[in-house]
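Beneath this line is the structure, given in structure tokens, with notes to follow.
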Amino acid sequence: MTVSSEAIAYLQQQAPVIFLVLEENGVVVAANEHTKEVFGGSPVGKHFKDLIIDFRHNFSIDKINEDPSRETLINITTGSGLPRSYYFTFKKLSGHFIVFGRIDFEEFEKMQREVISLNKDLNNLTRELYKKNALLKKTNDDLKIANDKIVEISRRDPLTQLYNRRYFEEKKGLERIAGIHPKRVRTIVAQAREMTGEAEKGRHTWLEEKGEGKGRLV
Amino acid sequence: MVDENLYQGYLKALLAGRRSECHDTVTGLLAAGIGVKELYDRLFQRSMYRVGELWEENQITVANEHLATSITEGLLNLVYPTIFASERIDKKAVISCSANEFHQIGGKMVADIMELNGWDGHFLGANTPIEALLEYVQEIRPDLVALSLSILSNIGNLTQSIDAIKSDFPSLDVLIGGQAFRWGGADVARQYAGVELIPSLDELENLLKKI
């Protein structure tokens with residue numbers, strides 16, 4: 001079968017792959033339409049290494065694998081600024097490098113499926129979390145009702161259901177606190193803090209004496 | 001509350017992947033006091049059925065469909081505080097997609113409507129293997145099982161699941177439903193005793209109120 005040069009040119013231009021022709025020194029001399037779209041403009045005149053991401057400067061035109069059956073993974077920066085991974089093949093013909101770059105759509109689709117699956121799992125876990133939270137809230141509400149009931153029971157005489165001594169003592173205590181001048185309350189709190197501090201200090205000293213508090217602040 | 005204008009605007013944003021616009025629409029409706037079922041029925045289900053149709057007609061890509069699904073699933077989270085706060089009635093259901101069925105959003109909406117009606121809806125997710133479904137049913141001992149089908153060509157997997165359930169738990173009621181049944185498959189329910197096709201969320205709710 002003979003294919004016209006016109007058909008070949010059409011294939012070159014329209015194929016949805018990166019198609020480049022490089023000089024032996026790596027400078028691009030021809031690119032198809034898809035390549036221009038990928039890079040956001042014509043790469044003609046640029047060096048191939050300037051089109052790719054090569055932080056460690058590993059790429060060298062002299063070290064190119066010329067076997068077209070072997071693909072090399074190379075990341076590039078697209079015209080939109082986003083990096084993209086391509087599999088490149090290189091073939092030396094008549095003093096030029098013929099370069100093809102393709103995206104692995106199967107790999108892409110596999111990753112997409114994984115992301116979708118993870119997203120579903122995340123959404124399902126979120127749903128479970130809401131459900132468990134609602135259950136927890138209900139348990140807490142029930143617990144509060146039960147607690148209130150216990151407090152109420154503890155304040156009443158089981159036989160007469162009248163308020164017991166405990167209730168009146170609690171009430172009296174609360175009324176006494178309510179009646180204290182705020183300045184007096186602050187003094188009581190300060191005294192209590194001082195006493196607690198003394199107690200803490202005493203405890204630490206005691207531990208140190210027993211050899212249990214080594215290295216602790218005394 | 002979901003008028004045609006609002007729906008069309010939401011659908012457009014959903015197809016374009018404008019997540020925050022969809023989010024604003026839903027939060028607006030929730031703030032205005034929309035009922036969960038109305039939201040599910042008139043907005044989520046209607047738009048996702050339309051997305052499915054557009055995909056079947058090759059008018060949108062698989063990626064578009066996945067994006068729309070992902071956005072919708074994320075929006076369901078907004079409704080959960082309402083759904084799970086409803087009064088419990090001590091009834092349990094296991095809701096699952098059959099094996100090889102990767103579209104879970106319909107099943108999830110069924111589980112949510114059950115929760116809204118006080119049921120404990122155990123949702124197993126997409127592509128649940130039959131053995132895993134049976135094990136879960138054995139463990140939970142639900143009052144019913146609901147199976148969701150989105151793609152009619154997966155109906156063989158659905159019938160296999162029904163056969164397995166009916167073999168191990170003959171008296172357990174099974175509900176089936178999903179977008180697939182818009183195109184056929186209604187005769188499946190007639191082949192079994194205790195299997196009912198539920199064509200809409202309205203009918204699901206009516207049925208739950210009778211149980």
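Chain identifiers are assigned as A, B, and so on, following the order in which chains appear in the structure tokens; residues are numbered from 1 within each chain, and ligands are numbered from 1 in order of appearance.
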Could you please select, counting only C-alpha atoms, the residues of chain B within 10 Å of chain A and state them as a PDB file with C-alpha atoms, in the first residue's frame?
ATOM      1  CA  ALA B  63     -15.202  12.393  33.396  1.00  0.00           C
ATOM      2  CA  HIS B  66     -17.929  11.398  37.540  1.00  0.00           C
ATOM      3  CA  LEU B  67     -17.449  15.044  38.426  1.00  0.00           C
ATOM      4  CA  THR B  69     -21.559  12.510  40.840  1.00  0.00           C
ATOM      5  CA  SER B  70     -18.727  13.600  43.087  1.00  0.00           C
ATOM      6  CA  GLU B  73     -22.230  13.135  46.857  1.00  0.00           C
ATOM      7  CA  GLY B  74     -20.414  15.965  48.588  1.00  0.00           C
ATOM      8  CA  LEU B  75     -23.670  17.942  48.771  1.00  0.00           C
ATOM      9  CA  LEU B  76     -25.459  15.043  50.463  1.00  0.00           C
ATOM     10  CA  ASN B  77     -23.198  15.732  53.465  1.00  0.00           C
ATOM     11  CA  VAL B  79     -28.258  17.128  54.729  1.00  0.00           C
ATOM     12  CA  TYR B  80     -26.898  14.559  57.184  1.00  0.00           C
ATOM     13  CA  PRO B  81     -27.350  16.607  60.367  1.00  0.00           C
ATOM     14  CA  THR B  82     -31.095  16.717  59.583  1.00  0.00           C
ATOM     15  CA  ILE B  83     -31.373  13.109  58.459  1.00  0.00           C
ATOM     16  CA  PHE B  84     -29.645  11.489  61.405  1.00  0.00           C
ATOM     17  CA  ALA B  85     -31.402  13.660  63.968  1.00  0.00           C
ATOM     18  CA  SER B  86     -34.779  12.051  63.242  1.00  0.00           C
ATOM     19  CA  GLU B  87     -36.509   9.850  65.819  1.00  0.00           C
ATOM     20  CA  PHE B 102     -20.263   1.378  40.551  1.00  0.00           C
ATOM     21  CA  HIS B 103     -22.973   4.040  40.778  1.00  0.00           C
ATOM     22  CA  GLN B 104     -23.790   4.341  44.468  1.00  0.00           C
ATOM     23  CA  ILE B 105     -25.541   7.682  44.782  1.00  0.00           C
ATOM     24  CA  LYS B 108     -27.214   6.208  49.248  1.00  0.00           C
ATOM     25  CA  ASP B 112     -30.878   8.467  53.677  1.00  0.00           C
ATOM     26  CA  GLU B 115     -32.804   7.219  58.070  1.00  0.00           C
ATOM     27  CA  ASP B 120     -31.235   2.392  60.662  1.00  0.00           C
ATOM     28  CA  GLY B 121     -30.002   2.321  57.070  1.00  0.00           C
ATOM     29  CA  HIS B 122     -26.778   0.350  56.693  1.00  0.00           C
ATOM     30  CA  PHE B 123     -25.320   1.487  53.391  1.00  0.00           C
ATOM     31  CA  LEU B 124     -22.697  -0.853  51.917  1.00  0.00           C
ATOM     32  CA  GLY B 125     -21.623   1.239  48.930  1.00  0.00           C
ATOM     33  CA  ALA B 126     -20.835   0.474  45.323  1.00  0.00           C
TER      34      ALA B 126
END
Find the spatial neighbours of Gly28 (chain B), counting only C-alpha atoms, within a cut-off of 12 Å - ignore same-chain residues fewer than 5 positions away - and output them as a PDB file with C-alpha atoms, in the first residue's frame.
ATOM      1  CA  MET B   1     -39.283  25.429  46.129  1.00  0.00           C
ATOM      2  CA  VAL B   2     -37.152  23.913  43.339  1.00  0.00           C
ATOM      3  CA  LEU B   6     -33.355  27.071  39.819  1.00  0.00           C
ATOM      4  CA  TYR B  10     -28.090  24.076  39.143  1.00  0.00           C
ATOM      5  CA  SER B  20     -19.313  26.133  44.968  1.00  0.00           C
ATOM      6  CA  GLU B  21     -22.271  27.344  42.879  1.00  0.00           C
ATOM      7  CA  CYS B  22     -24.051  24.021  43.454  1.00  0.00           C
ATOM      8  CA  HIS B  23     -23.160  24.225  47.151  1.00  0.00           C
ATOM      9  CA  GLY B  33     -36.512  25.165  54.827  1.00  0.00           C
ATOM     10  CA  ILE B  34     -36.752  22.719  51.939  1.00  0.00           C
ATOM     11  CA  LEU B  39     -34.359  18.248  47.711  1.00  0.00           C
ATOM     12  CA  LEU B  78     -25.050  19.006  54.003  1.00  0.00           C
TER      13      LEU B  78
END
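Between CA of Ile130 (chain B) and CA of Ala99 (chain B) the interatomic distance comes to 6.6 Å.
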Tell me which protein, DNA and RNA residues are within 8 Å of Glu196 (chain B), counting only C-alpha atoms, leaving out same-chain ones fewer than 6 positions away, and put them as a list in words.
-> Val174, Leu175, Ile176, Ala189 and Arg190 of chain B
Write out, as a PDB file, in the first residue's frame, the residues just selected, with C-alpha atoms.
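Everything below was put into again_3.pdb:
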ATOM      1  CA  VAL B 174     -36.051  -7.210  49.097  1.00  0.00           C
ATOM      2  CA  LEU B 175     -36.647  -3.829  47.481  1.00  0.00           C
ATOM      3  CA  ILE B 176     -35.106  -3.036  44.103  1.00  0.00           C
ATOM      4  CA  ALA B 189     -39.620  -8.179  40.720  1.00  0.00           C
ATOM      5  CA  ARG B 190     -42.469 -10.336  39.445  1.00  0.00           C
TER       6      ARG B 190
END
Return the single residue from A:Pro68, A:Lys91, A:His96, A:Pro182 that is closest to Ala30 (chain A), with distances computed using only C-alpha atoms.
->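 Of A:Pro68, A:Lys91, A:His96, A:Pro182, the one nearest Ala30 (chain A), counting only C-alpha atoms, is A:His96.
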What does the distance between CA of Ser4 (chain A) and CA of Lys92 (chain A) come to in Å, to one decimal place?
->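 These atoms are spaced 22.3 Å apart.
Atom to atom, CA of Ile103 (chain A) and CA of Ile60 (chain B) stand 21.4 Å apart.
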Would you list the contacts of region 166-172 of chain B as an NGL selection string, taking every protein, DNA or RNA residue within 6 Å and counting only C-alpha atoms, but skipping same-chain residues closer than 3 positions in sequence?
-> :B and (144 or 162-163)
